[in-house]
>>> print(open('my_file-v3.cif').read())   # mmCIF, C-alpha atoms
data_my_file
#
loop_
_atom_site.group_PDB
_atom_site.id
_atom_site.type_symbol
_atom_site.label_atom_id
_atom_site.label_comp_id
_atom_site.auth_asym_id
_atom_site.auth_seq_id
_atom_site.Cartn_x
_atom_site.Cartn_y
_atom_site.Cartn_z
ATOM 1 C CA MET A 170 0.000 0.000 0.000
ATOM 2 C CA ASN A 171 2.794 2.374 0.900
ATOM 3 C CA HIS A 172 4.382 1.557 -2.434
ATOM 4 C CA SER A 173 1.134 2.449 -4.287
ATOM 5 C CA MET A 174 0.835 5.743 -2.401
ATOM 6 C CA ALA A 175 4.432 6.613 -3.273
ATOM 7 C CA GLN A 176 3.746 5.925 -6.943
ATOM 8 C CA ALA A 177 0.621 8.087 -6.828
ATOM 9 C CA ARG A 178 2.572 10.973 -5.228
ATOM 10 C CA ALA A 179 5.284 10.630 -7.908
ATOM 11 C CA THR A 180 2.655 10.705 -10.650
ATOM 12 C CA ILE A 181 1.083 13.842 -9.194
ATOM 13 C CA ARG A 182 4.479 15.522 -8.995
ATOM 14 C CA CYS A 183 5.224 14.679 -12.662
ATOM 15 C CA GLU A 184 1.950 16.109 -13.923
ATOM 16 C CA PRO A 185 2.008 19.880 -14.464
ATOM 17 C CA ALA A 186 -0.299 22.007 -12.354
ATOM 18 C CA VAL A 187 -3.584 23.059 -13.906
ATOM 19 C CA TRP A 188 -2.453 26.672 -14.264
ATOM 20 C CA LYS A 189 0.696 25.568 -16.082
ATOM 21 C CA SER A 190 -1.312 23.476 -18.520
ATOM 22 C CA ALA A 191 -3.646 26.424 -19.084
ATOM 23 C CA ALA A 192 -0.718 28.782 -19.664
ATOM 24 C CA SER A 193 0.818 26.336 -22.137
ATOM 25 C CA LEU A 194 -2.504 26.073 -23.986
ATOM 26 C CA VAL A 195 -2.976 29.851 -24.227
ATOM 27 C CA ALA A 196 0.629 30.418 -25.342
ATOM 28 C CA ALA A 197 0.308 27.640 -27.934
ATOM 29 C CA ALA A 198 -2.970 29.052 -29.280
ATOM 30 C CA LEU A 199 -1.522 32.550 -29.695
ATOM 31 C CA LEU A 200 1.632 31.256 -31.352
ATOM 32 C CA SER A 201 -0.340 28.937 -33.613
ATOM 33 C CA LEU A 202 -2.458 31.851 -34.864
ATOM 34 C CA LEU A 203 0.670 33.887 -35.618
ATOM 35 C CA PHE A 204 2.651 31.116 -37.298
ATOM 36 C CA LEU A 205 -0.232 29.694 -39.326
ATOM 37 C CA SER A 206 -1.120 33.131 -40.695
ATOM 38 C CA SER A 207 2.516 33.893 -41.514
ATOM 39 C CA GLY A 208 3.244 30.500 -43.059
ATOM 40 C CA LEU A 209 0.081 30.341 -45.170
ATOM 41 C CA TRP A 210 0.650 33.930 -46.327
ATOM 42 C CA LYS A 211 4.046 32.902 -47.677
ATOM 43 C CA ILE A 212 2.776 29.691 -49.279
ATOM 44 C CA THR A 213 -0.056 31.487 -51.085
ATOM 45 C CA GLY A 214 2.118 34.420 -52.202
ATOM 46 C CA VAL A 215 5.510 32.924 -53.020
ATOM 47 C CA GLU A 216 6.628 35.474 -55.636
ATOM 48 C CA ALA A 217 5.817 38.454 -53.414
ATOM 49 C CA TRP A 218 7.570 36.919 -50.427
ATOM 50 C CA ALA A 219 10.579 35.900 -52.518
ATOM 51 C CA MET A 220 11.085 39.573 -53.309
ATOM 52 C CA ARG A 221 10.707 40.463 -49.636
ATOM 53 C CA LEU A 222 13.429 37.955 -48.764
ATOM 54 C CA ALA A 223 15.695 39.391 -51.452
ATOM 55 C CA GLN A 224 15.156 42.854 -49.990
ATOM 56 C CA ALA A 225 16.095 41.389 -46.590
ATOM 57 C CA ARG A 226 19.513 40.483 -48.050
ATOM 58 C CA VAL A 227 18.775 36.806 -48.690
ATOM 59 C CA PRO A 228 20.604 35.781 -51.912
ATOM 60 C CA GLU A 229 18.074 36.099 -54.716
ATOM 61 C CA ALA A 230 18.776 32.594 -56.025
ATOM 62 C CA LEU A 231 17.558 31.277 -52.661
ATOM 63 C CA SER A 232 14.546 33.571 -52.337
ATOM 64 C CA ILE A 233 11.911 31.240 -53.808
ATOM 65 C CA PRO A 234 13.124 27.990 -52.150
ATOM 66 C CA GLY A 235 13.668 30.010 -48.985
ATOM 67 C CA THR A 236 10.095 31.320 -49.087
ATOM 68 C CA LEU A 237 8.714 27.807 -49.582
ATOM 69 C CA ALA A 238 10.882 26.406 -46.787
ATOM 70 C CA LEU A 239 9.885 29.178 -44.364
ATOM 71 C CA GLY A 240 6.226 28.887 -45.301
ATOM 72 C CA ILE A 241 6.247 25.132 -44.725
ATOM 73 C CA ALA A 242 8.185 25.419 -41.450
ATOM 74 C CA GLU A 243 5.950 28.167 -40.054
ATOM 75 C CA THR A 244 2.761 26.371 -41.080
ATOM 76 C CA MET A 245 4.060 23.162 -39.517
ATOM 77 C CA ALA A 246 4.894 24.966 -36.276
ATOM 78 C CA GLY A 247 1.397 26.441 -36.138
ATOM 79 C CA ALA A 248 -0.267 23.110 -36.902
ATOM 80 C CA LEU A 249 1.808 21.124 -34.379
ATOM 81 C CA LEU A 250 0.987 23.649 -31.659
ATOM 82 C CA LEU A 251 -2.718 22.860 -32.061
ATOM 83 C CA VAL A 252 -2.290 19.149 -31.266
ATOM 84 C CA PRO A 253 -1.668 18.546 -27.525
ATOM 85 C CA ARG A 254 0.620 15.527 -27.966
ATOM 86 C CA LEU A 255 2.620 17.338 -30.688
ATOM 87 C CA ARG A 256 2.591 20.772 -29.031
ATOM 88 C CA ARG A 257 6.063 20.535 -27.546
ATOM 89 C CA TRP A 258 7.620 19.856 -30.969
ATOM 90 C CA GLY A 259 5.684 22.757 -32.489
ATOM 91 C CA ALA A 260 6.837 25.076 -29.712
ATOM 92 C CA TRP A 261 10.488 24.120 -30.148
ATOM 93 C CA LEU A 262 10.194 24.594 -33.917
ATOM 94 C CA ALA A 263 8.620 28.020 -33.412
ATOM 95 C CA LEU A 264 11.361 28.955 -30.946
ATOM 96 C CA ALA A 265 14.083 27.858 -33.382
ATOM 97 C CA LEU A 266 12.535 29.914 -36.201
ATOM 98 C CA LEU A 267 12.324 32.994 -33.974
ATOM 99 C CA VAL A 268 15.987 32.650 -32.998
ATOM 100 C CA ILE A 269 16.944 32.384 -36.690
ATOM 101 C CA PHE A 270 14.881 35.464 -37.583
ATOM 102 C CA MET A 271 16.291 37.556 -34.751
ATOM 103 C CA THR A 272 19.858 36.496 -35.499
ATOM 104 C CA TRP A 273 19.507 37.303 -39.203
ATOM 105 C CA PHE A 274 18.058 40.769 -38.597
ATOM 106 C CA ALA A 275 20.614 41.483 -35.873
ATOM 107 C CA LEU A 276 23.491 40.623 -38.214
ATOM 108 C CA ASN A 277 22.012 42.817 -40.959
ATOM 109 C CA TYR A 278 20.581 45.504 -38.684
ATOM 110 C CA ALA A 279 22.561 48.414 -40.118
ATOM 111 C CA ALA A 280 21.372 47.691 -43.671
ATOM 112 C CA LEU A 281 17.769 46.749 -42.814
ATOM 113 C CA ARG A 282 16.913 49.242 -40.071
ATOM 114 C CA GLY A 283 13.615 50.952 -40.838
ATOM 115 C CA GLN A 284 12.600 48.485 -43.556
ATOM 116 C CA ASP A 285 9.245 46.745 -43.539
ATOM 117 C CA CYS A 286 9.395 43.276 -41.980
ATOM 118 C CA SER A 287 5.699 42.458 -41.639
ATOM 119 C CA CYS A 288 5.330 38.695 -41.334
ATOM 120 C CA PHE A 289 1.660 38.749 -40.376
ATOM 121 C CA PRO A 290 -1.120 39.974 -42.699
ATOM 122 C CA TRP A 291 -2.711 42.297 -40.131
ATOM 123 C CA LEU A 292 0.406 43.495 -38.292
ATOM 124 C CA LYS A 293 2.788 46.057 -39.796
ATOM 125 C CA ARG A 294 6.319 46.053 -38.385
ATOM 126 C CA VAL A 295 9.643 47.612 -39.317
ATOM 127 C CA VAL A 296 13.167 46.566 -38.365
ATOM 128 C CA GLY A 297 14.051 48.370 -35.155
ATOM 129 C CA PRO A 298 13.951 47.930 -31.366
ATOM 130 C CA GLY A 299 10.220 47.172 -31.477
ATOM 131 C CA PHE A 300 10.830 44.268 -33.852
ATOM 132 C CA PHE A 301 13.181 42.542 -31.404
ATOM 133 C CA ALA A 302 10.858 43.291 -28.467
ATOM 134 C CA GLY A 303 7.952 41.660 -30.296
ATOM 135 C CA ASP A 304 9.987 38.593 -31.169
ATOM 136 C CA ALA A 305 11.209 38.370 -27.563
ATOM 137 C CA VAL A 306 7.574 38.173 -26.408
ATOM 138 C CA MET A 307 6.984 35.361 -28.901
ATOM 139 C CA LEU A 308 10.108 33.600 -27.604
ATOM 140 C CA VAL A 309 8.627 33.637 -24.106
ATOM 141 C CA LEU A 310 5.334 32.233 -25.423
ATOM 142 C CA ALA A 311 7.196 29.473 -27.257
ATOM 143 C CA ALA A 312 9.168 28.591 -24.125
ATOM 144 C CA LEU A 313 5.984 28.441 -22.013
ATOM 145 C CA ALA A 314 4.213 26.307 -24.612
ATOM 146 C CA ALA A 315 7.168 23.907 -24.768
ATOM 147 C CA VAL A 316 8.078 23.536 -21.097
ATOM 148 C CA TRP A 317 4.543 23.067 -19.782
ATOM 149 C CA ALA A 318 3.187 20.984 -22.667
ATOM 150 C CA PRO A 319 2.583 17.211 -22.339
ATOM 151 C CA ARG A 320 5.404 14.922 -23.379
ATOM 152 C CA ALA A 321 5.556 14.806 -27.200
ATOM 153 C CA ALA A 322 4.521 11.622 -29.019
ATOM 154 C CA GLY A 323 3.307 10.780 -32.498
ATOM 155 C CA LEU A 324 6.242 11.038 -34.881
ATOM 156 C CA ARG A 325 4.292 9.309 -37.661
ATOM 157 C CA THR A 326 1.452 11.829 -37.356
ATOM 158 C CA ALA A 327 3.922 14.713 -37.508
ATOM 159 C CA ALA A 328 5.566 13.231 -40.602
ATOM 160 C CA LEU A 329 2.188 12.890 -42.341
ATOM 161 C CA MET A 330 1.378 16.527 -41.475
ATOM 162 C CA LEU A 331 4.720 17.642 -42.912
ATOM 163 C CA GLY A 332 4.021 15.746 -46.134
ATOM 164 C CA ALA A 333 0.565 17.290 -46.453
ATOM 165 C CA VAL A 334 1.837 20.841 -45.854
ATOM 166 C CA SER A 335 4.708 20.348 -48.317
ATOM 167 C CA VAL A 336 2.386 19.054 -51.047
ATOM 168 C CA PHE A 337 -0.004 21.951 -50.450
ATOM 169 C CA ALA A 338 2.871 24.442 -50.723
ATOM 170 C CA LEU A 339 4.178 23.005 -53.988
ATOM 171 C CA VAL A 340 0.723 22.751 -55.557
ATOM 172 C CA SER A 341 -0.070 26.312 -54.495
ATOM 173 C CA TYR A 342 3.187 27.607 -55.995
ATOM 174 C CA GLY A 343 2.503 25.728 -59.227
ATOM 175 C CA ALA A 344 -0.978 27.238 -59.438
ATOM 176 C CA GLN A 345 0.433 30.744 -58.859
ATOM 177 C CA THR A 346 2.973 30.248 -61.643
ATOM 178 C CA VAL A 347 0.319 29.054 -64.092
ATOM 179 C CA ARG A 348 -1.992 31.960 -63.251
ATOM 180 C CA GLN A 349 0.768 34.477 -63.935
ATOM 181 C CA THR A 350 1.366 33.477 -67.561
ATOM 182 C CA GLY A 351 -0.678 34.005 -70.683
ATOM 183 C CA THR A 352 -2.766 36.913 -69.379
ATOM 184 C CA LYS A 353 -4.134 39.119 -72.132
ATOM 185 C CA ALA A 354 -2.721 42.637 -71.928
ATOM 186 C CA PRO A 355 -4.968 45.676 -72.433
ATOM 187 C CA ALA A 356 -5.156 46.792 -76.061
ATOM 188 C CA ARG A 357 -3.605 50.113 -75.100
ATOM 189 C CA ILE A 358 -2.407 52.003 -72.063
ATOM 190 C CA THR A 359 -1.430 55.619 -71.466
ATOM 191 C CA VAL A 360 2.284 56.346 -71.774
ATOM 192 C CA ASP A 361 3.651 59.882 -71.427
ATOM 193 C CA GLY A 362 0.105 61.165 -71.689
ATOM 194 C CA ARG A 363 -0.724 59.462 -75.001
ATOM 195 C CA PRO A 364 -2.459 56.179 -75.994
ATOM 196 C CA TYR A 365 0.087 53.395 -76.340
ATOM 197 C CA PRO A 366 -0.848 50.066 -78.036
ATOM 198 C CA LEU A 367 0.424 46.763 -76.639
ATOM 199 C CA GLY A 368 -1.092 44.463 -79.267
ATOM 200 C CA GLN A 369 1.969 43.935 -81.464
ATOM 201 C CA GLY A 370 5.646 43.697 -80.576
ATOM 202 C CA ARG A 371 7.720 43.081 -77.477
ATOM 203 C CA PHE A 372 7.311 45.110 -74.304
ATOM 204 C CA PHE A 373 8.782 45.084 -70.833
ATOM 205 C CA LEU A 374 6.589 46.642 -68.152
ATOM 206 C CA PHE A 375 8.719 47.690 -65.175
ATOM 207 C CA PHE A 376 6.877 48.404 -61.905
ATOM 208 C CA PHE A 377 9.024 50.485 -59.562
ATOM 209 C CA ASN A 378 9.089 53.000 -56.729
ATOM 210 C CA PRO A 379 11.226 56.083 -57.520
ATOM 211 C CA MET A 380 12.442 56.119 -53.892
ATOM 212 C CA CYS A 381 13.485 52.444 -53.888
ATOM 213 C CA MET A 382 17.260 51.949 -54.105
ATOM 214 C CA HIS A 383 16.787 48.302 -55.117
ATOM 215 C CA CYS A 384 14.664 49.554 -58.035
ATOM 216 C CA MET A 385 17.328 52.142 -58.907
ATOM 217 C CA ASP A 386 20.053 49.499 -58.960
ATOM 218 C CA ALA A 387 17.917 47.213 -61.152
ATOM 219 C CA ALA A 388 17.096 50.048 -63.568
ATOM 220 C CA HIS A 389 20.749 51.105 -63.775
ATOM 221 C CA ARG A 390 21.835 47.582 -64.713
ATOM 222 C CA MET A 391 19.004 47.226 -67.215
ATOM 223 C CA SER A 392 20.050 50.492 -68.860
ATOM 224 C CA ALA A 393 23.224 48.742 -70.087
ATOM 225 C CA LEU A 394 21.304 45.965 -71.889
ATOM 226 C CA ASP A 395 20.709 45.859 -75.643
ATOM 227 C CA TRP A 396 16.914 45.974 -75.851
ATOM 228 C CA GLY A 397 16.774 45.900 -79.671
ATOM 229 C CA GLU A 398 13.150 46.399 -80.712
ATOM 230 C CA THR A 399 11.751 45.777 -77.236
ATOM 231 C CA ARG A 400 10.047 48.818 -75.750
ATOM 232 C CA VAL A 401 10.276 49.484 -72.012
ATOM 233 C CA VAL A 402 7.432 51.052 -70.070
ATOM 234 C CA ALA A 403 8.139 52.224 -66.526
ATOM 235 C CA ILE A 404 5.161 52.144 -64.159
ATOM 236 C CA PRO A 405 5.580 53.975 -60.823
ATOM 237 C CA VAL A 406 3.657 52.386 -57.959
ATOM 238 C CA ASP A 407 4.081 55.491 -55.812
ATOM 239 C CA GLN A 408 5.231 59.134 -56.149
ATOM 240 C CA PRO A 409 4.945 59.301 -59.954
ATOM 241 C CA GLN A 410 6.173 62.913 -59.957
ATOM 242 C CA PHE A 411 9.720 61.600 -59.461
ATOM 243 C CA SER A 412 9.570 59.074 -62.327
ATOM 244 C CA ARG A 413 11.490 61.140 -64.870
ATOM 245 C CA GLN A 414 14.194 61.979 -62.360
ATOM 246 C CA PHE A 415 14.483 58.266 -61.556
ATOM 247 C CA LEU A 416 14.889 57.347 -65.241
ATOM 248 C CA THR A 417 17.414 60.121 -65.814
ATOM 249 C CA GLU A 418 19.561 59.056 -62.862
ATOM 250 C CA SER A 419 19.368 55.359 -63.719
ATOM 251 C CA GLY A 420 19.916 55.862 -67.456
ATOM 252 C CA LEU A 421 17.025 53.554 -68.348
ATOM 253 C CA LYS A 422 15.279 54.643 -71.544
ATOM 254 C CA ALA A 423 11.554 54.111 -71.060
ATOM 255 C CA GLY A 424 8.171 55.705 -71.377
ATOM 256 C CA VAL A 425 6.207 56.369 -68.191
ATOM 257 C CA SER A 426 2.697 55.067 -67.608
ATOM 258 C CA THR A 427 0.551 56.081 -64.663
ATOM 259 C CA ASP A 428 -1.941 53.234 -65.231
ATOM 260 C CA PHE A 429 -0.690 51.364 -62.172
ATOM 261 C CA ASP A 430 -4.105 50.756 -60.617
ATOM 262 C CA SER A 431 -5.447 48.905 -63.649
ATOM 263 C CA LEU A 432 -2.223 47.129 -64.613
ATOM 264 C CA LYS A 433 -1.529 45.767 -61.123
ATOM 265 C CA ARG A 434 -4.820 43.841 -61.204
ATOM 266 C CA ILE A 435 -4.328 42.507 -64.725
ATOM 267 C CA PHE A 436 -0.775 41.246 -64.154
ATOM 268 C CA ARG A 437 -1.125 40.255 -60.474
ATOM 269 C CA TYR A 438 1.505 42.728 -59.317
ATOM 270 C CA THR A 439 3.098 41.741 -56.000
ATOM 271 C CA THR A 440 5.746 44.205 -54.865
ATOM 272 C CA TYR A 441 8.409 46.384 -56.459
ATOM 273 C CA PRO A 442 10.612 45.927 -58.361
ATOM 274 C CA PHE A 443 8.423 43.805 -60.594
ATOM 275 C CA GLY A 444 8.418 43.213 -64.339
ATOM 276 C CA VAL A 445 6.158 41.717 -66.959
ATOM 277 C CA ALA A 446 7.211 40.530 -70.408
ATOM 278 C CA VAL A 447 4.426 41.192 -72.931
ATOM 279 C CA ILE A 448 4.707 39.755 -76.450
ATOM 280 C CA ASN A 449 2.066 40.440 -79.082
ATOM 281 C CA GLY A 450 -0.570 41.439 -76.586
ATOM 282 C CA ARG A 451 -0.122 38.644 -74.041
ATOM 283 C CA GLU A 452 1.929 38.217 -70.914
ATOM 284 C CA LYS A 453 4.838 35.897 -71.599
ATOM 285 C CA SER A 454 6.177 35.763 -68.076
ATOM 286 C CA PRO A 455 6.481 37.782 -64.874
ATOM 287 C CA VAL A 456 10.016 38.879 -63.987
ATOM 288 C CA THR A 457 10.597 38.970 -60.251
ATOM 289 C CA GLN A 458 14.358 38.484 -59.832
ATOM 290 C CA PHE A 459 16.479 41.650 -59.867
ATOM 291 C CA GLU A 460 19.797 40.695 -58.318
ATOM 292 C CA GLY A 461 23.076 39.280 -59.567
ATOM 293 C CA ALA A 462 22.644 37.890 -63.097
ATOM 294 C CA GLU A 463 18.966 38.804 -63.022
ATOM 295 C CA PRO A 464 16.908 40.127 -64.659
ATOM 296 C CA ALA A 465 19.318 40.036 -67.631
ATOM 297 C CA ALA A 466 19.314 36.226 -67.796
ATOM 298 C CA SER A 467 15.500 36.032 -67.767
ATOM 299 C CA LEU A 468 15.159 38.859 -70.272
ATOM 300 C CA ARG A 469 17.527 37.076 -72.684
ATOM 301 C CA ARG A 470 15.668 33.800 -72.224
ATOM 302 C CA LEU A 471 12.419 35.578 -73.070
ATOM 303 C CA GLY A 472 13.958 37.186 -76.141
ATOM 304 C CA LEU A 473 13.516 40.749 -74.891
ATOM 305 C CA VAL A 474 17.226 41.649 -74.936
ATOM 306 C CA LYS A 475 20.151 40.489 -77.041
#
>>> encode(input="my_file-v3.cif", output="structure tokens")
Amino acid sequence: MNHSMAQARATIRCEPAVWKSAASLVAAALLSLLFLSSGLWKITGVEAWAMRLAQARVPEALSIPGTLALGIAETMAGALLLVPRLRRWGAWLALALLVIFMTWFALNYAALRGQDCSCFPWLKRVVGPGFFAGDAVMLVLAALAAVWAPRAAGLRTAALMLGAVSVFALVSYGAQTVRQTGTKAPARITVDGRPYPLGQGRFFLFFFNPMCMHCMDAAHRMSALDWGETRVVAIPVDQPQFSRQFLTESGLKAGVSTDFDSLKRIFRYTTYPFGVAVINGREKSPVTQFEGAEPAASLRRLGLVK
């Protein structure tokens, strides 16, 4: 009998108190909401997030696989946090991702300070002290969810979840790529105040922000390309009054169109810099890489430059 009572006392001591279980549940629920929204946002908008990663100093060649990997990892963390017997693994994964994010932005703080780093659809953040404070709060939530969660079990279930999320991510990316090709361009747009037909010939539509240094660097490098008969149309997404100054400083020869509002819907614009190859009235391909050998390599492949 004494032996049974001792076992019962040991079992009670091993089980977390009710308030600890409740705290773990609340922390897990909050983190799951954040990570699921962030991960699914990346998975369903790969091209846009690839450009965000490139702007955050991730090598552009790794931006798309990096976006898919982050989207899958964040979605997995959020999903695991919802399952009590998998919660501890989800919490540790979330904690590891937060440490990676904070380390990356700390190492690149001087270059990225003040830049947008919004990972959640409804929450706008910029790189600065507030960014690290917010991530520190999430670190605490992840630690609470992990330490006071039940012992993890169910490796096979976790593996099946990972497979399902990965398949969803790849299918979603494939669907986005298909949707972005073959779109019919408008018969004409307004360029430099006059009607400008897009039905015949080769065109490169360049969406940019005149205040964006990444856009300026891309335009400067494109100014050295041999465009042949391809015509370039520059489309400011903001502050169009500085468009001509931007083109003069970059050396890029292009007409300026202020039809951004209509063109962004037609060509599924994501974020600047962004390009669209239009051949004989139809979109041939979006151009989203603007670093290193790009976009020159893509433009040559599409036959827009020599």
>>> atom_distance(input="my_file-v3.cif", atom1="CA of Met380 (chain A)", atom2="CA of Gln410 (chain A)")
11.1 Å
>>> closest_residue(input="my_file-v3.cif", among="A:Glu243, A:Asp304, A:Glu460, A:Glu452", to="Phe204 (chain A)", atoms="all atoms listed in the file")
A:Glu243
>>> residues_around(input="my_file-v3.cif", residues="region 467-472 of chain A", least_positions_apart="4", cutoff="9 Å", atoms="all atoms listed in the file", output="list in words")
Arg371, Phe373, Thr399, Ala446, Lys453, Ser454, Val456, Gln458, Ala462 and Glu463 of chain A
>>> resolve_selection(input="my_file-v3.cif", expression="the PyMOL selection byres ((chain A and resi 239) around 12)", output="PyMOL selection string")
chain A and resi 204-205+207-212+215+218-219+222+231-238+240-246+262-263+265-267+269-270+288+334-335+338
>>> resolve_selection(input="my_file-v3.cif", expression="the PyMOL selection byres ((chain A and resi 300) around 12)", output="PDB file with C-alpha atoms, in the frame of the given file")
ATOM      1  CA  LEU A 267      12.324  32.994 -33.974  1.00  0.00           C
ATOM      2  CA  PHE A 270      14.881  35.464 -37.583  1.00  0.00           C
ATOM      3  CA  MET A 271      16.291  37.556 -34.751  1.00  0.00           C
ATOM      4  CA  PHE A 274      18.058  40.769 -38.597  1.00  0.00           C
ATOM      5  CA  ALA A 275      20.614  41.483 -35.873  1.00  0.00           C
ATOM      6  CA  TYR A 278      20.581  45.504 -38.684  1.00  0.00           C
ATOM      7  CA  LEU A 281      17.769  46.749 -42.814  1.00  0.00           C
ATOM      8  CA  ARG A 282      16.913  49.242 -40.071  1.00  0.00           C
ATOM      9  CA  GLY A 283      13.615  50.952 -40.838  1.00  0.00           C
ATOM     10  CA  GLN A 284      12.600  48.485 -43.556  1.00  0.00           C
ATOM     11  CA  ASP A 285       9.245  46.745 -43.539  1.00  0.00           C
ATOM     12  CA  CYS A 286       9.395  43.276 -41.980  1.00  0.00           C
ATOM     13  CA  SER A 287       5.699  42.458 -41.639  1.00  0.00           C
ATOM     14  CA  CYS A 288       5.330  38.695 -41.334  1.00  0.00           C
ATOM     15  CA  LEU A 292       0.406  43.495 -38.292  1.00  0.00           C
ATOM     16  CA  LYS A 293       2.788  46.057 -39.796  1.00  0.00           C
ATOM     17  CA  ARG A 294       6.319  46.053 -38.385  1.00  0.00           C
ATOM     18  CA  VAL A 295       9.643  47.612 -39.317  1.00  0.00           C
ATOM     19  CA  VAL A 296      13.167  46.566 -38.365  1.00  0.00           C
ATOM     20  CA  GLY A 297      14.051  48.370 -35.155  1.00  0.00           C
ATOM     21  CA  PRO A 298      13.951  47.930 -31.366  1.00  0.00           C
ATOM     22  CA  GLY A 299      10.220  47.172 -31.477  1.00  0.00           C
ATOM     23  CA  PHE A 301      13.181  42.542 -31.404  1.00  0.00           C
ATOM     24  CA  ALA A 302      10.858  43.291 -28.467  1.00  0.00           C
ATOM     25  CA  GLY A 303       7.952  41.660 -30.296  1.00  0.00           C
ATOM     26  CA  ASP A 304       9.987  38.593 -31.169  1.00  0.00           C
ATOM     27  CA  ALA A 305      11.209  38.370 -27.563  1.00  0.00           C
ATOM     28  CA  VAL A 306       7.574  38.173 -26.408  1.00  0.00           C
ATOM     29  CA  MET A 307       6.984  35.361 -28.901  1.00  0.00           C
TER      30      MET A 307
END
>>> atom_distance(input="my_file-v3.cif", atom1="CA of Gly247 (chain A)", atom2="CA of Gly323 (chain A)")
16.2 Å
>>> axis_aligned_box(input="my_file-v3.cif", around="region 468-471 of chain A", padding_each_side="4 Å", output="lines of an AutoDock Vina configuration file")
center_x = 15.0
center_y = 36.3
center_z = -71.7
size_x = 13.1
size_y = 13.1
size_z = 10.8
>>> atom_distance(input="my_file-v3.cif", atom1="CA of Ala318 (chain A)", atom2="CA of Pro253 (chain A)")
7.3 Å
>>> resolve_selection(input="my_file-v3.cif", expression="the PyMOL selection byres ((chain A and resi 428) around 8)", output="ChimeraX atom specification")
/A:358-359,404,426-427,429-432
>>> closest_residue(input="my_file-v3.cif", among="A:Ala186, A:Val195, A:Pro409, A:Arg257", to="Ala327 (chain A)", atoms="all atoms listed in the file")
A:Arg257
>>> residues_around(input="my_file-v3.cif", residues="region 417-420 of chain A", least_positions_apart="6", cutoff="8 Å", atoms="all atoms listed in the file", output="short mmCIF file (atom, residue, chain, number, x, y, z; two decimals) with C-alpha atoms, keeping the file's coordinate frame")
data_model
loop_
_atom_site.label_atom_id
_atom_site.label_comp_id
_atom_site.auth_asym_id
_atom_site.auth_seq_id
_atom_site.Cartn_x
_atom_site.Cartn_y
_atom_site.Cartn_z
CA MET A 385 17.33 52.14 -58.91
CA ASP A 386 20.05 49.50 -58.96
CA ALA A 388 17.10 50.05 -63.57
CA HIS A 389 20.75 51.10 -63.78
CA SER A 392 20.05 50.49 -68.86
#
>>> residues_around(input="my_file-v3.cif", residues="Val401 (chain A)", least_positions_apart="6", cutoff="7 Å", atoms="all atoms listed in the file", output="mmCIF file with C-alpha atoms, keeping the file's coordinate frame")
data_model
loop_
_atom_site.group_PDB
_atom_site.id
_atom_site.type_symbol
_atom_site.label_atom_id
_atom_site.label_comp_id
_atom_site.auth_asym_id
_atom_site.auth_seq_id
_atom_site.Cartn_x
_atom_site.Cartn_y
_atom_site.Cartn_z
ATOM 1 C CA PHE A 372 7.311 45.110 -74.304
ATOM 2 C CA PHE A 373 8.782 45.084 -70.833
ATOM 3 C CA LEU A 374 6.589 46.642 -68.152
ATOM 4 C CA ALA A 423 11.554 54.111 -71.060
ATOM 5 C CA GLY A 424 8.171 55.705 -71.377
#
>>> closest_residue(input="my_file-v3.cif", among="A:Arg434, A:Arg320, A:Lys475, A:Arg451", to="Leu255 (chain A)", atoms="only C-alpha atoms")
A:Arg320
>>> closest_residue(input="my_file-v3.cif", among="A:Arg325, A:His383, A:Arg363, A:Arg254", to="Ala223 (chain A)", atoms="all atoms listed in the file")
A:His383
>>> closest_residue(input="my_file-v3.cif", among="A:Gly450, A:Phe443, A:Arg400, A:Phe337", to="Gly368 (chain A)", atoms="all atoms listed in the file")
A:Gly450
>>> closest_residue(input="my_file-v3.cif", among="A:Leu200, A:Met382, A:Ala191, A:Ile448", to="Phe289 (chain A)", atoms="all atoms listed in the file")
A:Leu200
>>> decode(input="my_file-v3.cif", residues="region 430-437 of chain A", atoms="N, CA and C atoms", output="PDB file, in the first residue's frame")
ATOM      1  N   ASP A 430      -2.948  51.371 -61.258  1.00  0.00           N
ATOM      2  CA  ASP A 430      -4.105  50.756 -60.617  1.00  0.00           C
ATOM      3  C   ASP A 430      -4.747  49.667 -61.480  1.00  0.00           C
ATOM      4  N   SER A 431      -4.836  49.917 -62.782  1.00  0.00           N
ATOM      5  CA  SER A 431      -5.447  48.905 -63.649  1.00  0.00           C
ATOM      6  C   SER A 431      -4.465  47.785 -63.992  1.00  0.00           C
ATOM      7  N   LEU A 432      -3.204  48.139 -64.213  1.00  0.00           N
ATOM      8  CA  LEU A 432      -2.223  47.129 -64.613  1.00  0.00           C
ATOM      9  C   LEU A 432      -1.864  46.179 -63.474  1.00  0.00           C
ATOM     10  N   LYS A 433      -1.890  46.654 -62.243  1.00  0.00           N
ATOM     11  CA  LYS A 433      -1.529  45.767 -61.123  1.00  0.00           C
ATOM     12  C   LYS A 433      -2.536  44.633 -60.986  1.00  0.00           C
ATOM     13  N   ARG A 434      -3.810  44.892 -61.297  1.00  0.00           N
ATOM     14  CA  ARG A 434      -4.820  43.841 -61.204  1.00  0.00           C
ATOM     15  C   ARG A 434      -4.688  42.846 -62.366  1.00  0.00           C
ATOM     16  N   ILE A 435      -4.418  43.372 -63.546  1.00  0.00           N
ATOM     17  CA  ILE A 435      -4.328  42.507 -64.725  1.00  0.00           C
ATOM     18  C   ILE A 435      -3.148  41.537 -64.605  1.00  0.00           C
ATOM     19  N   PHE A 436      -1.996  42.056 -64.168  1.00  0.00           N
ATOM     20  CA  PHE A 436      -0.775  41.246 -64.154  1.00  0.00           C
ATOM     21  C   PHE A 436      -0.412  40.715 -62.770  1.00  0.00           C
ATOM     22  N   ARG A 437      -1.344  40.806 -61.817  1.00  0.00           N
ATOM     23  CA  ARG A 437      -1.125  40.255 -60.474  1.00  0.00           C
ATOM     24  C   ARG A 437       0.174  40.766 -59.857  1.00  0.00           C
TER      25      ARG A 437
END
